[in-house]
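Student: Would you mind keeping the following structure in view while I ask a few things?
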2 protein chains.
Amino acid sequence: MKREDLTKELSIGTGTKIVLLILDGLGGLPRGGKTELESARTPNLDELAAAGAGGLTDPVFRGITPGSGPAHLALFGYDPLRYQLGRGILEALGEGVEVGRDDLVARGNFATLRDGLVVDRRAGRIPTSVNENLCRKLNSALSLRGGVAVRLYPGKEHRFVVRFTSQGLSDAVSDADPQKENKPPLPAHPLSPEGEKTAALVNSFIQDATDILKDSAPANTVLVRGFSKFPAIPTMAELYKLKPAAIANYPMYKGLAKLLGMTVLNAGPEAADLFQVLESHYAGFDFFYVHYKKTDTAGEDGDFEAKVSAIEKFDRELPRVLALRPEVLVVTSDHSTPALWKGHSWHPNPFLLVSKTARVDGLSGFSEKECGRGSLGRFESIYALPLMLAHAGKLMKFGA
Amino acid sequence: MKREDLTKELSIGTGTKIVLLILDGLGGLPRGGKTELESARTPNLDELAAAGAGGLTDPVFRGITPGSGPAHLALFGYDPLRYQLGRGILEALGEGVEVGRDDLVARGNFATLRDGLVVDRRAGRIPTSVNENLCRKLNSALSLRGGVAVRLYPGKEHRFVVRFTSQGLSDAVSDADPQKENKPPLPAHPLSPEGEKTAALVNSFIQDATDILKDSAPANTVLVRGFSKFPAIPTMAELYKLKPAAIANYPMYKGLAKLLGMTVLNAGPEAADLFQVLESHYAGFDFFYVHYKKTDTAGEDGDFEAKVSAIEKFDRELPRVLALRPEVLVVTSDHSTPALWKGHSWHPNPFLLVSKTARVDGLSGFSEKECGRGSLGRFESIYALPLMLAHAGKLMKFGA
């Protein structure tokens with residue numbers, strides 16, 4: 001029996017509330033002896049830490065740097081090695097694209113082709129409005145040509161999502177993207193015999209699009225990558241009898257949440273925006289995933305101060321969440337994004353759980369180091385959900 | 001997907017260096033309140049501990065006392081339950097015996113047979129030179145008798161390695177060694193139908209050898225045990241794209257390293273010998289396994305003071321390693337060998353990782369206790385390699 005199957009078997013529906021606050025990429029590395037979190041003034045988080053139980057989590061296992069997909073899946077109680085999701089599907093769902101069982105989705109870029117070479121993979125980052133016009137033009141011109149149904153959905157600047165609809169499509173297709181500039185376009189290749197038909201279809205789509213766009217320089221071709229089909233993944237309601245809501249601003253996180261059957265509640269990017277949505281929908285759900293992106297963005301940018309400031313802004317709004325008095329409140333991150341590393345890393349996340357049934361560790365503040373002293377110890381993120389369910393009274397006894 | 005397969009998939013080759021210093025059997029038990037490591041004066045290790053991240057490792061899992069094979073395999077990123085190696089193969093490779101796919105190897109002892117009983121399993125620990133003569137004699141006499149190719153390789157005192165070469169040999173054969181003295185010789189038995197032919201062959205070899213040695217008392221028979229074939233095990237280059245070197249003095253460790261595709265660099269037994277070889281080959285490899293045996297030997301002998309002294313000697317030479325400034329430096333052991341236990345034990349190993357990308361725990365010294373306070377927490381040795389790869393920038397991100 002797999003461990004997640006045990007958690008599923010023991011879970012029961014109750015009215016108690018779990019609030020999971022994710023500060024994306026929160027964990028850091030010290031500069032002058034202090035991490036971003038240790039450098040930030042966080043009186044509210046520190047007070048909360050004094051009242052709860054701390055720990056450190058590894059998103060997958062020690063040493064593994066996760067993408068956002070595996071890191072979040074683990075936090076929601078899904079084994080990230082069992083469920084591996086394509087980036088295309090996350091992006092598509094995040095953009096609000098309906099994806100069904102016969103659909104194949106991928107991420108696309110408008111790009112610039114000159115003298116047979118891809119000279120700009122982002123078409124000079126065309127304005128989003130231009131992108132929208134081009135997608136409209138392509139959608140109508142392609143539908144006139146007939147064949148397999150293809151539809152483009154504009155994203156920001158040069159990005160779009162493309163959806164192909166037909167029976168027997170396969171995601172065993174390589175990226176049609178040379179990845180570097182001043183290279184010739186790279187056609188899609190089948191990665192297995194099932195991918196042959198789809199690769200041909202994708203290449204014919206690229207050729208048609210390039211024909212249609214021939215006078216639209218700098219956006220006169222398309223690159224397509226991350227082919228994904230709708231994954232077979234159970235919902236959080238099926239697994240854990242939860243009625244979950246996701247409060248997020250970024251497409252990727254909303255897409256993942258939708259995939260797991262969460263109700264997506266759109267919000268602005270600030271902590272105040274997120275918490276306002278939490279307040280106004282608090283009665284309707286029993287599990288709230290609240291995603292704050294700014295910490296990760298600052299970490300990716302290598303901007304230590306911006307990350308400190310993003311943490312401090314979050315802290316200032318925190319009392320609004322505390323006022324709701326959820327049975328279980330967790331503050332943690334999906335993965336670390338140290339500003340000194342300028343990207344996701346493998347370092348463990350601070351994890352703080354506050355609940356009437358938690359042992360109180362008496363930590364002196366909320367930080368990587370203090371959480372490392374906490375009674376929850378160091379554990380893999382996949383154990384966060386059973387722990388939250390238990391503290392919320394949502395897990396029955398195992399065995400007699 | 002298995003975890004080690006994920007690590008394999010994400011690994012990339014880079015020029016960064018990993019130095020793994022193994023003090024064999026380092027972990028101990030307290031005498032008068034202090035373990036061997038806590039009793040030793042180790043200013044260099046203590047200073048290093050203050051600059052790195054600490055943890056405790058379980059070689060296999062809590063409670064399991066490992067042999068050298070599984071303990072080392074885990075440290076090199078091989079699941080010790082997936083890859084189980086016969087002692088014979090390690091001994092043979094360590095002695096420099098070439099082992100191919102059609103070979104079966106085993107460990108042997110010259111022994112004394114009197115009145116149908118094995119009265120001395122070690123033939124009075126005959127001098128190595130006598131052993132060498134006897135092996136020569138047996139090799140030429142056996143080759144004259146024809147049949148399956150058999151070759152003996154002398155070890156120290158009464159020990160040898162024997163290699164049988166023929167298609168269809170099997171390692172499903174029980175030891176031909178009564179284990180206790182004053183018992184009759186024990187023939188080899190097949191452990192499965194595939195072992196039948198091989199058991200007969202082994203027993204005929206023992207009879208032939210005993211015939212040939214009839215006038216060579218006290219070395220007038222042979223005991224043979226640990227039958228092993230060349231195991232199907234991937235190399236560290238195949239798994240993790242490393243260019244690994246092993247710096248060791250003892251046959252067993254060199255044998256294991258060779259099996260995993262490491263380049264074996266012979267060295268003397270002292271820390272100074274090992275580190276000299278490390279210095280002179282530092283440019284040629286990106287992973288260095290440095291094996292220091294004296295701590296384990298002293299532990300096995302139950303000699304607390306000798307173990308303390310071996311640790312102190314190691315510590316004095318340590319600055320030579322630090323001067324190389326590897327991107328990742330780990331100091332740990334394969335398993336514990338407490339002098340009070342006089343053998344391998346299940347107690348966890350102190351583990352210290354020093355790297356620019358490590359969180360600094362500010363430990364007050366290098367000991368079991370201080371490492372137990374460290375941010376790496378307690379983990380199974382199999383995670384040491386992904387952790388080292390990550391800190392060396394040799395692991396890509398998992399998923400999008």
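Residues are referred to by chain and number: the chain letter is A, B, ... according to the order shown in the structure tokens, the number counts from 1 in that chain, and ligands are numbered separately from 1 in the order shown.
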Select from range 28-217 of chain A everything DSSP, run on the backbone, classes as strand (DSSP E), then give the selection as a ChimeraX atom specification.

Tutor: /A:53-58,103-114,117-120,149-154,159-165

Student: For the selection just defined, write its residues with C-alpha atoms to a file, as a tab-separated table (two decimals), in the first residue's frame.

Tutor:
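The resulting file, selection_6.tsv, is shown below:
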chain	number	residue	atom	x	y	z
A	53	ALA	CA	5.49	23.98	15.74
A	54	GLY	CA	8.38	24.33	13.30
A	55	GLY	CA	10.10	22.07	10.82
A	56	LEU	CA	12.03	22.00	7.55
A	57	THR	CA	10.71	20.36	4.39
A	58	ASP	CA	12.42	18.87	1.37
A	103	ASP	CA	-6.66	17.67	-26.56
A	104	LEU	CA	-2.94	18.23	-26.82
A	105	VAL	CA	-1.61	21.52	-25.53
A	106	ALA	CA	1.76	23.22	-25.77
A	107	ARG	CA	3.44	26.50	-24.99
A	108	GLY	CA	4.27	28.76	-27.90
A	109	ASN	CA	6.33	31.84	-28.67
A	110	PHE	CA	5.99	34.25	-31.52
A	111	ALA	CA	9.49	34.53	-32.98
A	112	THR	CA	11.41	36.26	-35.75
A	113	LEU	CA	12.63	34.31	-38.78
A	114	ARG	CA	15.19	35.96	-41.09
A	117	LEU	CA	17.34	31.52	-39.06
A	118	VAL	CA	15.42	32.17	-35.86
A	119	VAL	CA	17.04	35.50	-34.99
A	120	ASP	CA	14.79	36.38	-32.04
A	149	ALA	CA	-8.86	21.80	-34.93
A	150	VAL	CA	-6.14	24.16	-33.70
A	151	ARG	CA	-6.66	27.12	-31.42
A	152	LEU	CA	-4.20	29.68	-30.05
A	153	TYR	CA	-4.69	31.51	-26.77
A	154	PRO	CA	-2.63	34.67	-26.28
A	159	ARG	CA	3.74	33.89	-25.37
A	160	PHE	CA	0.72	31.82	-26.29
A	161	VAL	CA	-0.84	28.44	-25.62
A	162	VAL	CA	-1.85	26.25	-28.54
A	163	ARG	CA	-4.42	23.49	-28.34
A	164	PHE	CA	-4.83	20.73	-30.92
A	165	THR	CA	-8.02	18.66	-30.78

Student: Which residues, written as a PyMOL selection string, have at least one atom at most 9 Å from Lys156 in chain A, with only C-alpha atoms counted and residues fewer than 2 positions away on the same chain left out?

Tutor: chain A and resi 125-129+131+154+158-160

Student: Let's have the selection written as a compact mmCIF listing (two decimals), in the first residue's frame, with N, CA and C atoms.

Tutor:
# COMPACT_ATOMS: atom_id res chain seq x y z
N ARG A 125 9.74 40.69 -27.98
CA ARG A 125 8.73 40.84 -26.92
C ARG A 125 7.62 41.79 -27.36
N ILE A 126 6.94 41.40 -28.42
CA ILE A 126 5.82 42.22 -28.94
C ILE A 126 4.82 42.51 -27.83
N PRO A 127 4.11 43.66 -27.95
CA PRO A 127 3.10 43.97 -26.94
C PRO A 127 2.00 42.90 -26.91
N THR A 128 1.41 42.71 -25.75
CA THR A 128 0.35 41.71 -25.60
C THR A 128 -0.80 41.96 -26.57
N SER A 129 -1.08 43.23 -26.85
CA SER A 129 -2.20 43.53 -27.76
C SER A 129 -1.89 43.03 -29.17
N ASN A 131 0.04 40.49 -29.87
CA ASN A 131 -0.10 39.04 -29.70
C ASN A 131 -1.57 38.65 -29.85
N PRO A 154 -3.75 33.76 -26.56
CA PRO A 154 -2.63 34.67 -26.28
C PRO A 154 -2.29 34.71 -24.80
N HIS A 158 5.06 37.80 -26.03
CA HIS A 158 5.20 36.91 -27.19
C HIS A 158 4.66 35.50 -26.93
N ARG A 159 4.11 35.26 -25.74
CA ARG A 159 3.74 33.89 -25.37
C ARG A 159 2.30 33.55 -25.73
N PHE A 160 2.09 32.30 -26.11
CA PHE A 160 0.72 31.82 -26.29
C PHE A 160 0.65 30.35 -25.91

Student: Which residues of chain B have any atom within 9 Å of an atom in chain A when counting only C-alpha atoms, and what is the closest pair of atoms for each, with the distance in Å to one decimal? Order the rows by chain and rising number and write it as JSON lines.

Tutor:
{"residue": "B:Met1", "atom": "CA", "partner": "A:Leu81", "partner_atom": "CA", "distance": 6.0}
{"residue": "B:Lys2", "atom": "CA", "partner": "A:Leu81", "partner_atom": "CA", "distance": 7.9}
{"residue": "B:Arg3", "atom": "CA", "partner": "A:Leu81", "partner_atom": "CA", "distance": 8.0}
{"residue": "B:Leu6", "atom": "CA", "partner": "A:Leu81", "partner_atom": "CA", "distance": 8.3}
{"residue": "B:Thr7", "atom": "CA", "partner": "A:Ile64", "partner_atom": "CA", "distance": 7.6}
{"residue": "B:Leu10", "atom": "CA", "partner": "A:Ile64", "partner_atom": "CA", "distance": 8.6}
{"residue": "B:Thr357", "atom": "CA", "partner": "A:Leu29", "partner_atom": "CA", "distance": 7.3}
{"residue": "B:Ala358", "atom": "CA", "partner": "A:Leu29", "partner_atom": "CA", "distance": 7.6}
{"residue": "B:Arg359", "atom": "CA", "partner": "A:Leu29", "partner_atom": "CA", "distance": 6.1}
{"residue": "B:Val360", "atom": "CA", "partner": "A:Pro30", "partner_atom": "CA", "distance": 8.0}
{"residue": "B:Asp361", "atom": "CA", "partner": "A:Lys369", "partner_atom": "CA", "distance": 7.9}
{"residue": "B:Arg373", "atom": "CA", "partner": "A:Arg373", "partner_atom": "CA", "distance": 8.1}
{"residue": "B:Gly374", "atom": "CA", "partner": "A:Gly372", "partner_atom": "CA", "distance": 8.3}
{"residue": "B:Ser375", "atom": "CA", "partner": "A:Gly372", "partner_atom": "CA", "distance": 6.1}
{"residue": "B:Leu376", "atom": "CA", "partner": "A:Arg378", "partner_atom": "CA", "distance": 8.1}
{"residue": "B:Gly377", "atom": "CA", "partner": "A:Arg378", "partner_atom": "CA", "distance": 6.3}
{"residue": "B:Arg378", "atom": "CA", "partner": "A:Arg378", "partner_atom": "CA", "distance": 7.9}
{"residue": "B:Phe379", "atom": "CA", "partner": "A:Arg62", "partner_atom": "CA", "distance": 8.7}
{"residue": "B:Tyr383", "atom": "CA", "partner": "A:Arg62", "partner_atom": "CA", "distance": 6.1}
{"residue": "B:Ala384", "atom": "CA", "partner": "A:Arg62", "partner_atom": "CA", "distance": 8.1}
{"residue": "B:Leu385", "atom": "CA", "partner": "A:Gly63", "partner_atom": "CA", "distance": 8.1}
{"residue": "B:Pro386", "atom": "CA", "partner": "A:Gly63", "partner_atom": "CA", "distance": 4.9}
{"residue": "B:Leu387", "atom": "CA", "partner": "A:Gly63", "partner_atom": "CA", "distance": 4.0}
{"residue": "B:Met388", "atom": "CA", "partner": "A:Gly63", "partner_atom": "CA", "distance": 7.4}
{"residue": "B:Leu389", "atom": "CA", "partner": "A:Gly63", "partner_atom": "CA", "distance": 7.3}
{"residue": "B:Ala390", "atom": "CA", "partner": "A:Gly63", "partner_atom": "CA", "distance": 5.2}
{"residue": "B:His391", "atom": "CA", "partner": "A:Gly63", "partner_atom": "CA", "distance": 7.7}
{"residue": "B:Leu395", "atom": "CA", "partner": "A:Ile64", "partner_atom": "CA", "distance": 7.4}
{"residue": "B:Met396", "atom": "CA", "partner": "A:Thr65", "partner_atom": "CA", "distance": 7.1}
{"residue": "B:Lys397", "atom": "CA", "partner": "A:Thr65", "partner_atom": "CA", "distance": 4.9}
{"residue": "B:Phe398", "atom": "CA", "partner": "A:Pro66", "partner_atom": "CA", "distance": 4.7}
{"residue": "B:Gly399", "atom": "CA", "partner": "A:Gly67", "partner_atom": "CA", "distance": 4.8}
{"residue": "B:Ala400", "atom": "CA", "partner": "A:Gly67", "partner_atom": "CA", "distance": 4.3}

Student: DSSP says helix (DSSP H, G or I) for which residues of range 81-124 of chain A? Put them as a PyMOL selection string?

Tutor: chain A and resi 87-94

Student: Between CA of Ile382 in chain B and CA of Leu48 in chain B, what distance in Å does the model show, to one decimal?

Tutor: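 Answer for the CA of Ile382 in chain B to CA of Leu48 in chain B separation: 23.1 Å.
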
Student: List the neighbours of range 241-251 of chain A out to 9 Å using only C-alpha atoms; skip same-chain residues closer than 2 positions along the sequence, and give me the result as a PyMOL selection string.

Tutor: chain A and resi 8+11-14+90-96+236-239+253-258+261-270+274-275+277-278+281+284-293+394

Student: Please save C-alpha atoms of the selected residues as a short mmCIF file (atom, residue, chain, number, x, y, z; two decimals), in the first residue's frame.

Tutor:
data_model
loop_
_atom_site.label_atom_id
_atom_site.label_comp_id
_atom_site.auth_asym_id
_atom_site.auth_seq_id
_atom_site.Cartn_x
_atom_site.Cartn_y
_atom_site.Cartn_z
CA LYS A 8 -6.79 8.77 1.33
CA SER A 11 -9.50 10.94 5.43
CA ILE A 12 -12.94 12.22 6.40
CA GLY A 13 -14.82 15.38 5.51
CA THR A 14 -15.32 17.88 8.34
CA LEU A 90 -0.04 23.85 -16.42
CA GLU A 91 0.35 26.91 -18.60
CA ALA A 92 -2.82 26.09 -20.55
CA LEU A 93 -4.98 25.55 -17.49
CA GLY A 94 -3.56 28.69 -15.94
CA GLU A 95 -4.62 30.73 -18.97
CA GLY A 96 -8.13 29.42 -18.61
CA MET A 236 -8.14 16.56 -3.83
CA ALA A 237 -11.81 15.91 -3.19
CA GLU A 238 -11.43 12.33 -4.43
CA LEU A 239 -8.24 11.79 -2.49
CA TYR A 253 -0.42 28.05 -9.96
CA LYS A 254 -4.04 28.54 -10.89
CA GLY A 255 -3.59 25.93 -13.61
CA LEU A 256 -2.15 23.39 -11.25
CA ALA A 257 -4.91 24.03 -8.73
CA LYS A 258 -7.61 23.55 -11.38
CA GLY A 261 -10.03 20.04 -8.71
CA MET A 262 -9.58 23.18 -6.63
CA THR A 263 -11.90 26.11 -7.19
CA VAL A 264 -9.69 28.90 -8.44
CA LEU A 265 -10.35 32.32 -6.89
CA ASN A 266 -8.54 35.02 -8.82
CA ALA A 267 -6.68 37.62 -6.82
CA GLY A 268 -4.22 40.45 -7.27
CA PRO A 269 -0.53 39.87 -6.62
CA GLU A 270 -0.20 41.54 -3.21
CA LEU A 274 -4.88 37.48 -1.61
CA PHE A 275 -6.11 37.85 1.97
CA VAL A 277 -10.23 37.04 -1.37
CA LEU A 278 -9.58 34.61 1.48
CA HIS A 281 -14.71 33.23 0.44
CA GLY A 284 -17.31 28.33 1.19
CA PHE A 285 -14.33 25.98 1.45
CA ASP A 286 -12.38 23.94 3.98
CA PHE A 287 -8.90 24.07 2.40
CA PHE A 288 -7.31 27.28 1.17
CA TYR A 289 -4.13 27.32 -0.84
CA VAL A 290 -2.91 30.93 -0.89
CA HIS A 291 -0.05 31.58 -3.28
CA TYR A 292 2.22 34.63 -2.89
CA LYS A 293 4.60 34.92 -5.84
CA LYS A 394 -9.75 15.10 9.18
#

Student: For Ser216 in chain A, please output as a count of residues only all residues within 10 Å (counting only C-alpha atoms; exclusion window: fewer than 5 positions along the same chain).

Tutor: 5
